[in-house]
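Q: Please find protein04.cif (mmCIF, C-alpha atoms) on the next line:
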data_final
loop_
_atom_site.group_PDB
_atom_site.id
_atom_site.type_symbol
_atom_site.label_atom_id
_atom_site.label_comp_id
_atom_site.auth_asym_id
_atom_site.auth_seq_id
_atom_site.Cartn_x
_atom_site.Cartn_y
_atom_site.Cartn_z
ATOM 1 C CA MET N 1 -30.803 -1.473 -0.254
ATOM 2 C CA LEU N 2 -29.017 1.459 -1.852
ATOM 3 C CA THR N 3 -27.494 0.746 -5.257
ATOM 4 C CA THR N 4 -25.591 2.830 -7.726
ATOM 5 C CA SER N 5 -27.490 4.886 -10.261
ATOM 6 C CA ALA N 6 -26.937 7.485 -12.913
ATOM 7 C CA ALA N 7 -27.931 10.125 -10.374
ATOM 8 C CA THR N 8 -25.170 9.175 -7.939
ATOM 9 C CA THR N 9 -22.613 11.964 -7.734
ATOM 10 C CA VAL N 10 -19.679 9.574 -7.154
ATOM 11 C CA ASP N 11 -18.412 6.518 -9.006
ATOM 12 C CA ALA N 12 -16.873 4.861 -5.946
ATOM 13 C CA ILE N 13 -16.218 5.314 -2.251
ATOM 14 C CA ALA N 14 -12.903 4.787 -0.500
ATOM 15 C CA LEU N 15 -11.599 4.090 2.990
ATOM 16 C CA ILE N 16 -7.937 4.817 3.671
ATOM 17 C CA GLY N 17 -5.689 5.111 6.690
ATOM 18 C CA PRO N 18 -2.449 3.890 8.238
ATOM 19 C CA THR N 19 -1.849 0.297 9.196
ATOM 20 C CA ALA N 20 -3.785 -0.862 12.278
ATOM 21 C CA SER N 21 -6.314 1.987 12.003
ATOM 22 C CA GLY N 22 -9.257 -0.422 11.660
ATOM 23 C CA LYS N 23 -10.013 -0.248 7.937
ATOM 24 C CA THR N 24 -11.078 -3.904 7.633
ATOM 25 C CA ALA N 25 -13.570 -3.716 10.496
ATOM 26 C CA CYS N 26 -15.120 -0.560 9.071
ATOM 27 C CA ALA N 27 -15.345 -2.043 5.576
ATOM 28 C CA LEU N 28 -17.041 -5.210 6.827
ATOM 29 C CA GLY N 29 -19.436 -3.061 8.830
ATOM 30 C CA LEU N 30 -20.328 -1.195 5.641
ATOM 31 C CA ALA N 31 -20.979 -4.520 3.902
ATOM 32 C CA GLU N 32 -23.780 -5.182 6.382
ATOM 33 C CA ARG N 33 -25.626 -2.029 5.232
ATOM 34 C CA LEU N 34 -24.635 -1.501 1.617
ATOM 35 C CA PRO N 35 -24.296 -3.724 -1.476
ATOM 36 C CA ILE N 36 -20.556 -3.143 -1.751
ATOM 37 C CA GLU N 37 -17.707 -4.945 -3.432
ATOM 38 C CA ILE N 38 -14.257 -4.239 -2.018
ATOM 39 C CA ILE N 39 -11.313 -3.273 -4.210
ATOM 40 C CA SER N 40 -8.088 -3.611 -2.236
ATOM 41 C CA ILE N 41 -5.681 -0.660 -2.298
ATOM 42 C CA ASP N 42 -2.813 -2.636 -0.799
ATOM 43 C CA SER N 43 0.450 -3.420 -2.562
ATOM 44 C CA ALA N 44 1.089 -6.447 -0.307
ATOM 45 C CA LEU N 45 -2.319 -8.147 -0.521
ATOM 46 C CA VAL N 46 -1.802 -8.815 -4.230
ATOM 47 C CA PHE N 47 0.681 -11.613 -3.423
ATOM 48 C CA ARG N 48 -0.527 -15.196 -3.134
ATOM 49 C CA GLY N 49 0.559 -17.077 -0.030
ATOM 50 C CA MET N 50 1.507 -13.954 1.907
ATOM 51 C CA ASP N 51 -1.332 -14.027 4.413
ATOM 52 C CA ILE N 52 0.023 -13.643 7.945
ATOM 53 C CA GLY N 53 2.502 -10.823 7.375
ATOM 54 C CA THR N 54 0.070 -8.753 5.302
ATOM 55 C CA ALA N 55 -2.872 -9.082 7.735
ATOM 56 C CA LYS N 56 -4.845 -10.335 4.751
ATOM 57 C CA PRO N 57 -8.608 -10.581 5.367
ATOM 58 C CA THR N 58 -9.507 -14.131 6.350
ATOM 59 C CA ARG N 59 -11.623 -16.397 4.164
ATOM 60 C CA GLN N 60 -14.552 -15.731 6.475
ATOM 61 C CA GLU N 61 -14.075 -11.968 6.143
ATOM 62 C CA GLN N 62 -13.724 -12.187 2.364
ATOM 63 C CA ALA N 63 -16.936 -14.227 2.241
ATOM 64 C CA VAL N 64 -18.937 -11.292 3.665
ATOM 65 C CA CYS N 65 -18.776 -9.518 0.303
ATOM 66 C CA PRO N 66 -16.759 -9.843 -2.923
ATOM 67 C CA HIS N 67 -13.110 -8.789 -2.650
ATOM 68 C CA HIS N 68 -10.896 -7.826 -5.595
ATOM 69 C CA LEU N 69 -7.137 -7.416 -6.202
ATOM 70 C CA ILE N 70 -6.210 -9.897 -3.480
ATOM 71 C CA ASP N 71 -4.087 -12.980 -4.314
ATOM 72 C CA ILE N 72 -3.665 -12.033 -7.968
ATOM 73 C CA ILE N 73 0.093 -12.598 -8.516
ATOM 74 C CA ASP N 74 2.879 -14.836 -7.202
ATOM 75 C CA PRO N 75 5.534 -13.364 -4.874
ATOM 76 C CA THR N 76 8.062 -13.598 -7.710
ATOM 77 C CA GLU N 77 6.073 -11.069 -9.762
ATOM 78 C CA SER N 78 5.650 -7.304 -9.593
ATOM 79 C CA TYR N 79 2.566 -5.087 -9.537
ATOM 80 C CA SER N 80 2.733 -1.373 -10.305
ATOM 81 C CA ALA N 81 0.580 1.680 -9.683
ATOM 82 C CA ALA N 82 -0.184 1.740 -13.413
ATOM 83 C CA MET N 83 -1.422 -1.858 -13.270
ATOM 84 C CA PHE N 84 -3.530 -1.014 -10.228
ATOM 85 C CA ARG N 85 -5.100 1.978 -11.973
ATOM 86 C CA ALA N 86 -6.051 -0.084 -15.019
ATOM 87 C CA ASP N 87 -7.488 -2.871 -12.858
ATOM 88 C CA ALA N 88 -9.354 -0.483 -10.548
ATOM 89 C CA LEU N 89 -10.935 1.457 -13.416
ATOM 90 C CA ARG N 90 -12.144 -1.792 -14.973
ATOM 91 C CA LEU N 91 -13.478 -3.120 -11.663
ATOM 92 C CA ILE N 92 -15.299 0.104 -10.816
ATOM 93 C CA ASP N 93 -17.150 -0.077 -14.129
ATOM 94 C CA GLU N 94 -17.953 -3.784 -13.703
ATOM 95 C CA ILE N 95 -19.178 -3.399 -10.113
ATOM 96 C CA ARG N 96 -21.381 -0.426 -10.998
ATOM 97 C CA ALA N 97 -22.793 -2.360 -13.950
ATOM 98 C CA ARG N 98 -23.935 -5.002 -11.454
ATOM 99 C CA GLY N 99 -25.812 -2.318 -9.522
ATOM 100 C CA ARG N 100 -23.358 -2.509 -6.626
ATOM 101 C CA ILE N 101 -21.040 0.010 -4.969
ATOM 102 C CA PRO N 102 -17.231 -0.109 -5.393
ATOM 103 C CA LEU N 103 -15.462 0.412 -2.050
ATOM 104 C CA LEU N 104 -11.710 0.978 -2.287
ATOM 105 C CA VAL N 105 -9.953 -0.018 0.950
ATOM 106 C CA GLY N 106 -6.296 0.113 1.906
ATOM 107 C CA GLY N 107 -3.199 2.020 2.833
ATOM 108 C CA THR N 108 -1.077 2.102 -0.329
ATOM 109 C CA MET N 109 -1.603 5.785 -0.871
ATOM 110 C CA LEU N 110 0.329 5.888 -4.144
ATOM 111 C CA TYR N 111 -2.270 3.575 -5.686
ATOM 112 C CA LEU N 112 -5.157 5.860 -4.714
ATOM 113 C CA LYS N 113 -3.283 8.914 -5.967
ATOM 114 C CA ALA N 114 -2.654 7.188 -9.310
ATOM 115 C CA LEU N 115 -6.338 6.333 -9.578
ATOM 116 C CA ARG N 116 -7.584 9.812 -8.684
ATOM 117 C CA ASP N 117 -4.940 12.004 -10.326
ATOM 118 C CA GLY N 118 -3.728 9.871 -13.211
ATOM 119 C CA LEU N 119 -0.233 8.689 -13.951
ATOM 120 C CA SER N 120 2.978 10.555 -14.551
ATOM 121 C CA ASP N 121 4.850 9.955 -17.779
ATOM 122 C CA LEU N 122 7.445 7.692 -16.173
ATOM 123 C CA PRO N 123 9.659 5.145 -17.923
ATOM 124 C CA GLU N 124 8.912 1.449 -17.584
ATOM 125 C CA ALA N 125 11.064 -0.615 -15.249
ATOM 126 C CA ASP N 126 14.435 -1.551 -16.750
ATOM 127 C CA PRO N 127 15.415 -5.054 -15.512
ATOM 128 C CA GLU N 128 19.090 -4.686 -16.439
ATOM 129 C CA LEU N 129 19.457 -1.326 -14.726
ATOM 130 C CA ARG N 130 17.614 -2.580 -11.649
ATOM 131 C CA ALA N 131 19.900 -5.605 -11.474
ATOM 132 C CA GLU N 132 22.920 -3.312 -11.704
ATOM 133 C CA ILE N 133 21.579 -1.123 -8.887
ATOM 134 C CA ASP N 134 20.903 -4.209 -6.760
ATOM 135 C CA ARG N 135 24.440 -5.482 -7.312
ATOM 136 C CA THR N 136 25.841 -2.144 -6.225
ATOM 137 C CA ALA N 137 23.592 -2.193 -3.151
ATOM 138 C CA THR N 138 24.827 -5.663 -2.242
ATOM 139 C CA ARG N 139 28.416 -4.504 -2.566
ATOM 140 C CA CYS N 140 28.186 -1.013 -1.063
ATOM 141 C CA GLY N 141 24.866 -0.831 0.800
ATOM 142 C CA TRP N 142 21.732 1.245 0.167
ATOM 143 C CA PRO N 143 23.048 4.316 2.052
ATOM 144 C CA ALA N 144 25.767 4.596 -0.625
ATOM 145 C CA LEU N 145 23.114 4.549 -3.349
ATOM 146 C CA HIS N 146 21.124 7.118 -1.389
ATOM 147 C CA ALA N 147 24.242 9.300 -1.460
ATOM 148 C CA GLU N 148 24.446 8.842 -5.233
ATOM 149 C CA LEU N 149 20.809 9.880 -5.559
ATOM 150 C CA ALA N 150 21.580 12.944 -3.430
ATOM 151 C CA ARG N 151 24.205 13.966 -5.985
ATOM 152 C CA LEU N 152 21.862 13.428 -8.932
ATOM 153 C CA ASP N 153 18.602 14.664 -7.384
ATOM 154 C CA PRO N 154 19.020 16.255 -3.924
ATOM 155 C CA THR N 155 15.313 17.037 -3.587
ATOM 156 C CA ALA N 156 14.264 13.425 -4.183
ATOM 157 C CA ALA N 157 16.949 12.068 -1.856
ATOM 158 C CA ALA N 158 15.867 14.406 0.935
ATOM 159 C CA ARG N 159 12.432 12.733 0.939
ATOM 160 C CA LEU N 160 13.835 9.198 1.325
ATOM 161 C CA GLU N 161 15.456 7.338 4.193
ATOM 162 C CA PRO N 162 18.944 5.954 3.390
ATOM 163 C CA GLY N 163 17.663 2.409 3.888
ATOM 164 C CA ASP N 164 14.477 2.727 1.817
ATOM 165 C CA ALA N 165 15.695 0.271 -0.825
ATOM 166 C CA GLN N 166 12.630 0.064 -3.058
ATOM 167 C CA ARG N 167 12.139 3.811 -3.434
ATOM 168 C CA ILE N 168 15.850 4.563 -3.802
ATOM 169 C CA GLN N 169 16.092 1.948 -6.549
ATOM 170 C CA ARG N 170 13.126 3.359 -8.473
ATOM 171 C CA ALA N 171 14.277 6.956 -8.035
ATOM 172 C CA LEU N 172 17.756 6.158 -9.328
ATOM 173 C CA GLU N 173 16.281 4.182 -12.191
ATOM 174 C CA ILE N 174 14.069 7.073 -13.303
ATOM 175 C CA VAL N 175 16.795 9.708 -12.969
ATOM 176 C CA ARG N 176 19.323 7.587 -14.824
ATOM 177 C CA LEU N 177 16.906 6.682 -17.620
ATOM 178 C CA THR N 178 15.540 10.187 -18.177
ATOM 179 C CA GLY N 179 18.338 12.459 -17.050
ATOM 180 C CA ARG N 180 15.691 14.565 -15.266
ATOM 181 C CA PRO N 181 14.892 15.044 -11.552
ATOM 182 C CA LEU N 182 11.921 13.096 -10.184
ATOM 183 C CA ALA N 183 9.814 16.233 -9.726
ATOM 184 C CA GLU N 184 10.133 17.071 -13.405
ATOM 185 C CA ASN N 185 9.272 13.501 -14.391
ATOM 186 C CA TYR N 186 6.192 13.427 -12.182
ATOM 187 C CA ALA N 187 5.024 16.745 -13.626
ATOM 188 C CA ARG N 188 4.837 15.183 -17.091
ATOM 189 C CA ARG N 189 1.367 13.617 -17.320
ATOM 190 C CA GLU N 190 0.235 10.912 -19.676
ATOM 191 C CA THR N 191 -3.091 11.179 -21.476
ATOM 192 C CA ASP N 192 -5.105 8.251 -20.173
ATOM 193 C CA SER N 193 -8.581 7.250 -19.026
ATOM 194 C CA PRO N 194 -10.618 9.849 -17.106
ATOM 195 C CA SER N 195 -10.352 9.568 -13.329
ATOM 196 C CA PRO N 196 -13.380 8.337 -11.379
ATOM 197 C CA ARG N 197 -15.234 10.495 -8.862
ATOM 198 C CA ILE N 198 -14.454 9.099 -5.410
ATOM 199 C CA ALA N 199 -15.781 10.024 -1.964
ATOM 200 C CA ILE N 200 -13.028 9.264 0.539
ATOM 201 C CA VAL N 201 -12.975 8.707 4.285
ATOM 202 C CA GLY N 202 -9.577 8.744 5.961
ATOM 203 C CA LEU N 203 -9.005 7.130 9.340
ATOM 204 C CA GLU N 204 -6.620 8.985 11.618
ATOM 205 C CA ALA N 205 -5.606 8.435 15.250
ATOM 206 C CA SER N 206 -5.991 11.284 17.723
ATOM 207 C CA ASP N 207 -3.453 9.532 19.968
ATOM 208 C CA ARG N 208 -0.396 8.187 18.120
ATOM 209 C CA GLY N 209 0.548 6.130 21.173
ATOM 210 C CA VAL N 210 -2.660 4.097 20.918
ATOM 211 C CA LEU N 211 -1.968 3.428 17.230
ATOM 212 C CA HIS N 212 1.543 2.270 18.095
ATOM 213 C CA GLU N 213 0.137 -0.094 20.708
ATOM 214 C CA ARG N 214 -2.217 -1.539 18.108
ATOM 215 C CA ILE N 215 0.760 -1.997 15.791
ATOM 216 C CA ARG N 216 2.690 -3.742 18.570
ATOM 217 C CA GLN N 217 -0.151 -6.141 19.290
ATOM 218 C CA ARG N 218 -0.709 -6.911 15.630
ATOM 219 C CA PHE N 219 2.936 -7.552 14.774
ATOM 220 C CA ASN N 220 3.359 -9.743 17.860
ATOM 221 C CA ALA N 221 0.305 -11.709 16.746
ATOM 222 C CA MET N 222 1.875 -12.160 13.293
ATOM 223 C CA LEU N 223 4.989 -13.635 14.871
ATOM 224 C CA ASP N 224 2.935 -15.849 17.178
ATOM 225 C CA ASN N 225 0.811 -17.031 14.245
ATOM 226 C CA GLY N 226 3.826 -18.169 12.239
ATOM 227 C CA LEU N 227 5.173 -15.343 10.082
ATOM 228 C CA VAL N 228 8.629 -16.921 9.945
ATOM 229 C CA ASP N 229 7.201 -20.343 9.076
ATOM 230 C CA GLU N 230 5.092 -18.730 6.354
ATOM 231 C CA LEU N 231 8.214 -17.184 4.835
ATOM 232 C CA CYS N 232 10.020 -20.519 4.990
ATOM 233 C CA ALA N 233 7.131 -22.158 3.116
ATOM 234 C CA LEU N 234 7.168 -19.400 0.496
ATOM 235 C CA ARG N 235 10.907 -19.797 -0.022
ATOM 236 C CA ALA N 236 10.440 -23.549 -0.489
ATOM 237 C CA ARG N 237 7.687 -22.978 -3.045
ATOM 238 C CA PHE N 238 9.059 -20.020 -5.019
ATOM 239 C CA SER N 239 12.498 -18.879 -6.201
ATOM 240 C CA LEU N 240 12.512 -15.769 -4.057
ATOM 241 C CA LYS N 241 15.201 -13.128 -3.670
ATOM 242 C CA PRO N 242 15.385 -10.475 -0.942
ATOM 243 C CA GLU N 243 15.309 -7.627 -3.464
ATOM 244 C CA MET N 244 11.925 -8.670 -4.899
ATOM 245 C CA PRO N 245 9.034 -6.280 -4.096
ATOM 246 C CA SER N 246 7.212 -9.032 -2.191
ATOM 247 C CA MET N 247 10.170 -9.632 0.092
ATOM 248 C CA ARG N 248 10.570 -5.921 0.753
ATOM 249 C CA CYS N 249 7.173 -5.857 2.435
ATOM 250 C CA VAL N 250 7.345 -4.937 6.103
ATOM 251 C CA GLY N 251 7.686 -8.063 8.228
ATOM 252 C CA TYR N 252 8.898 -10.318 5.429
ATOM 253 C CA ARG N 253 12.054 -8.284 4.965
ATOM 254 C CA GLN N 254 12.888 -8.529 8.654
ATOM 255 C CA ALA N 255 11.989 -12.235 8.762
ATOM 256 C CA TRP N 256 14.288 -12.835 5.788
ATOM 257 C CA GLU N 257 17.165 -11.100 7.577
ATOM 258 C CA TYR N 258 16.437 -13.160 10.693
ATOM 259 C CA LEU N 259 16.611 -16.399 8.690
ATOM 260 C CA ALA N 260 19.874 -15.183 7.154
ATOM 261 C CA GLY N 261 21.318 -15.009 10.673
ATOM 262 C CA GLU N 262 21.681 -11.241 10.730
ATOM 263 C CA TYR N 263 20.036 -11.023 14.152
ATOM 264 C CA ASP N 264 18.105 -13.049 16.735
ATOM 265 C CA PHE N 265 14.351 -13.411 17.212
ATOM 266 C CA ALA N 266 14.157 -10.600 19.762
ATOM 267 C CA MET N 267 15.761 -8.242 17.254
ATOM 268 C CA LEU N 268 13.374 -9.486 14.550
ATOM 269 C CA ARG N 269 10.508 -8.401 16.772
ATOM 270 C CA GLU N 270 12.107 -5.009 17.473
ATOM 271 C CA ARG N 271 12.997 -4.287 13.849
ATOM 272 C CA GLY N 272 9.631 -5.444 12.574
ATOM 273 C CA LEU N 273 7.829 -3.160 14.993
ATOM 274 C CA TYR N 274 10.029 -0.222 14.063
ATOM 275 C CA ALA N 275 9.508 -0.831 10.337
ATOM 276 C CA THR N 276 5.742 -1.045 10.807
ATOM 277 C CA ARG N 277 5.669 2.201 12.767
ATOM 278 C CA GLN N 278 7.702 3.847 10.001
ATOM 279 C CA LEU N 279 5.242 2.535 7.427
ATOM 280 C CA ALA N 280 2.375 4.064 9.391
ATOM 281 C CA LYS N 281 4.275 7.347 9.595
ATOM 282 C CA ARG N 282 4.694 7.437 5.813
ATOM 283 C CA GLN N 283 1.013 6.640 5.310
ATOM 284 C CA ILE N 284 0.005 9.436 7.687
ATOM 285 C CA THR N 285 2.243 11.876 5.802
ATOM 286 C CA TRP N 286 0.591 10.912 2.498
ATOM 287 C CA GLN N 287 -2.852 11.294 4.060
ATOM 288 C CA ARG N 288 -2.053 14.763 5.349
ATOM 289 C CA LYS N 289 -1.013 15.823 1.853
ATOM 290 C CA PHE N 290 -4.257 14.436 0.475
ATOM 291 C CA THR N 291 -6.232 16.294 3.132
ATOM 292 C CA ALA N 292 -4.667 19.589 2.075
ATOM 293 C CA ASN N 293 -5.432 19.054 -1.610
ATOM 294 C CA TRP N 294 -8.463 16.777 -1.932
ATOM 295 C CA PRO N 295 -11.745 18.412 -0.818
ATOM 296 C CA GLU N 296 -13.590 15.094 -1.124
ATOM 297 C CA LEU N 297 -11.505 13.531 1.680
ATOM 298 C CA LYS N 298 -13.130 13.527 5.123
ATOM 299 C CA ASN N 299 -10.983 12.403 8.070
ATOM 300 C CA LEU N 300 -12.417 10.641 11.119
ATOM 301 C CA ASP N 301 -10.779 9.654 14.398
ATOM 302 C CA CYS N 302 -10.359 5.871 14.285
ATOM 303 C CA LEU N 303 -10.162 5.755 18.096
ATOM 304 C CA GLN N 304 -13.781 6.847 18.549
ATOM 305 C CA PRO N 305 -15.872 3.958 19.939
ATOM 306 C CA ASP N 306 -18.530 4.456 17.260
ATOM 307 C CA ILE N 307 -16.086 4.826 14.368
ATOM 308 C CA VAL N 308 -17.747 2.126 12.229
ATOM 309 C CA GLN N 309 -21.067 3.990 12.415
ATOM 310 C CA ARG N 310 -19.365 7.314 11.678
ATOM 311 C CA VAL N 311 -17.700 5.880 8.586
ATOM 312 C CA GLN N 312 -20.999 4.411 7.423
ATOM 313 C CA ASP N 313 -22.867 7.676 7.924
ATOM 314 C CA THR N 314 -20.204 9.749 6.143
ATOM 315 C CA LEU N 315 -19.970 7.522 3.077
ATOM 316 C CA LEU N 316 -23.723 6.980 2.924
ATOM 317 C CA ALA N 317 -24.221 10.743 2.881
ATOM 318 C CA ALA N 318 -21.719 11.018 0.024
ATOM 319 C CA LEU N 319 -23.588 8.389 -1.959
ATOM 320 C CA GLN N 320 -26.910 10.126 -1.437
ATOM 321 C CA ALA N 321 -25.655 13.646 -2.137
#
Kindly present the structure from the file in structure tokens form.
A:
Amino acid sequence: MLTTSAATTVDAIALIGPTASGKTACALGLAERLPIEIISIDSALVFRGMDIGTAKPTRQEQAVCPHHLIDIIDPTESYSAAMFRADALRLIDEIRARGRIPLLVGGTMLYLKALRDGLSDLPEADPELRAEIDRTATRCGWPALHAELARLDPTAAARLEPGDAQRIQRALEIVRLTGRPLAENYARRETDSPSPRIAIVGLEASDRGVLHERIRQRFNAMLDNGLVDELCALRARFSLKPEMPSMRCVGYRQAWEYLAGEYDFAMLRERGLYATRQLAKRQITWQRKFTANWPELKNLDCLQPDIVQRVQDTLLAALQA
């Protein structure tokens, strides 16, 4: 079996793509041919107990090969891109030291960008300021805060939807703390650990309608498998609030609003599907930007019947280059 060596031109391989593009199936297929260990690039899989709504790999799937950065924090906690970068750098070194191959898999594109390009010199989260922003959102709504961001940083606001609570909150926090637009903040780079060399395969759908149908089937399966009951159990176990990062995850946010009586089950299904499609759209936009700027990224059509083999061949070639 192929293992890592000093002659290998890359430190890790990666598989990215929008939700429902088939990343898990491709990764497990790779595990049958290569001595890999999977490092999750997913901001939702870090939360313990959030299994159904995150499409978390099953115990049987996780038993195929070692998985990392899954079930590492409680839903009451937060996990940042900086924390991911530190964890991923450590894991890549540890996995390579075992003579195995690190495979990064997921759709949280910000995490991969932080790992590859390093981190911007951004301020740490300010709990008091975040609480103040949340109180204003509760009183006035997130569109009002989006309008405030538009006054302070029109360029940043133009990139965000008026209801994108998590990103609006962080953008306002950064602008208020630094007094500078987001673009200027992101341009200021910290001096940190060197970035690893990563060969990346991106899954993309040649027919967006087929991807949307996959999303529909998967979200319906989540509802049928007990997403709402899972949220109820989490709320009984943890002191959760709707503004927490875990509860802003697609599916959980809509289930929370359903339990609050904001709409009926049919609307939960409709809003959950819409939110998931919007998530996929954002992931595709990120991936297109990567494609334009990262020569090591190779995109493959996830709708091809032999996609697992194509992914294997592409990444194997990168490892043997």
Q: Just so the selection is clear, what residues does the PyMOL selection byres ((chain N and resi 38) around 6) cover here, as a ChimeraX atom specification?
A: /N:37,39,67,103-104
Q: Suppose you want the space between CA of Arg197 in chain N and CA of Lys298 in chain N; what is it in Å?
A: 14.5 Å
Q: Which residues come within 10 Å of Ala55 in chain N, counting all atoms listed in the file, excluding same-chain residues fewer than 3 positions away, as a list in words?
A: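 Once the nearby chain positions are removed, what remains is Thr19, Ala20, Thr24, Ala44, Leu45, Met50, Asp51, Ile52, Thr58, Arg218, Phe219, Ala221 and Met222 of chain N.
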Q: For Arg248 in chain N, which residue among N:Ala97, N:Leu172, N:Ala275, N:Leu203 is the nearest when counting only C-alpha atoms?
A: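 Closest to Arg248 in chain N, using only C-alpha atoms: N:Ala275.
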Q: Run the PyMOL selection byres ((chain N and resi 89-93) around 8) on the file and write out the hits as a ChimeraX atom specification.
A: /N:11-12,39,85-88,94-97,102,115,196
Q: Do a neighbour search on Arg48 in chain N at 7 Å with all atoms listed in the file, toss out local chain neighbours closer than 5 positions, and write the hits as a count of residues only.
A: 5
Q: How far is it from CA of Ile70 in chain N to CA of Val201 in chain N, in Å with one decimal?
A: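 Taking CA of Ile70 in chain N as the start and CA of Val201 in chain N as the end point, the length is 21.3 Å.
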Q: Can you tell me how far CA of Leu259 in chain N sits from CA of Glu213 in chain N, in Å to one decimal?
A: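 Answer for the CA of Leu259 in chain N to CA of Glu213 in chain N separation: 26.1 Å.
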Q: Which residues fall under the PyMOL selection byres ((chain N and resi 235-239) around 12) in this file, as a compact mmCIF listing (two decimals) with C-alpha atoms, in the frame of the given file?
A:
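Output file part24.txt follows:
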# COMPACT_ATOMS: atom_id res chain seq x y z
CA PHE N 47 0.68 -11.61 -3.42
CA ARG N 48 -0.53 -15.20 -3.13
CA GLY N 49 0.56 -17.08 -0.03
CA MET N 50 1.51 -13.95 1.91
CA ASP N 74 2.88 -14.84 -7.20
CA PRO N 75 5.53 -13.36 -4.87
CA THR N 76 8.06 -13.60 -7.71
CA GLU N 77 6.07 -11.07 -9.76
CA VAL N 228 8.63 -16.92 9.94
CA ASP N 229 7.20 -20.34 9.08
CA GLU N 230 5.09 -18.73 6.35
CA LEU N 231 8.21 -17.18 4.84
CA CYS N 232 10.02 -20.52 4.99
CA ALA N 233 7.13 -22.16 3.12
CA LEU N 234 7.17 -19.40 0.50
CA LEU N 240 12.51 -15.77 -4.06
CA LYS N 241 15.20 -13.13 -3.67
CA PRO N 242 15.38 -10.48 -0.94
CA GLU N 243 15.31 -7.63 -3.46
CA MET N 244 11.92 -8.67 -4.90
CA SER N 246 7.21 -9.03 -2.19
CA MET N 247 10.17 -9.63 0.09
CA TYR N 252 8.90 -10.32 5.43
CA ALA N 255 11.99 -12.24 8.76
CA TRP N 256 14.29 -12.84 5.79
CA LEU N 259 16.61 -16.40 8.69
Q: Kindly provide the residues of range 130-158 of chain N that approach range 166-170 of chain N to within 8 Å, each paired with its closest atom pair and their distance in Å to one decimal, based on only C-alpha atoms, listed by chain and increasing number, as CSV.
A:
residue,atom,partner,partner_atom,distance
N:Arg130,CA,N:Gln169,CA,7.0
N:Ile133,CA,N:Gln169,CA,6.7
N:Asp134,CA,N:Gln169,CA,7.8
N:Trp142,CA,N:Ile168,CA,7.8
N:Leu145,CA,N:Ile168,CA,7.3
N:His146,CA,N:Ile168,CA,6.3
N:Leu149,CA,N:Ile168,CA,7.5
N:Ala157,CA,N:Ile168,CA,7.8
Q: Using all atoms listed in the file, determine which residues lie at most 9 Å from Leu303 in chain N, disregarding the query and same-chain residues fewer than 2 positions distant; provide the list as a list in words.
A: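 Final neighbour list, sorted by chain and number: Ser21, Gly22, Leu203, Glu204, Ala205, Ser206, Asp207, Val210, Leu211, Leu300, Asp301, Pro305, Asp306 and Ile307 of chain N.
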Q: Could you check which of N:Glu257, N:Asp164, N:Arg100, N:Glu173 is closest to Glu128 in chain N, using all atoms listed in the file?
A: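 Nearest to Glu128 in chain N: N:Glu173.
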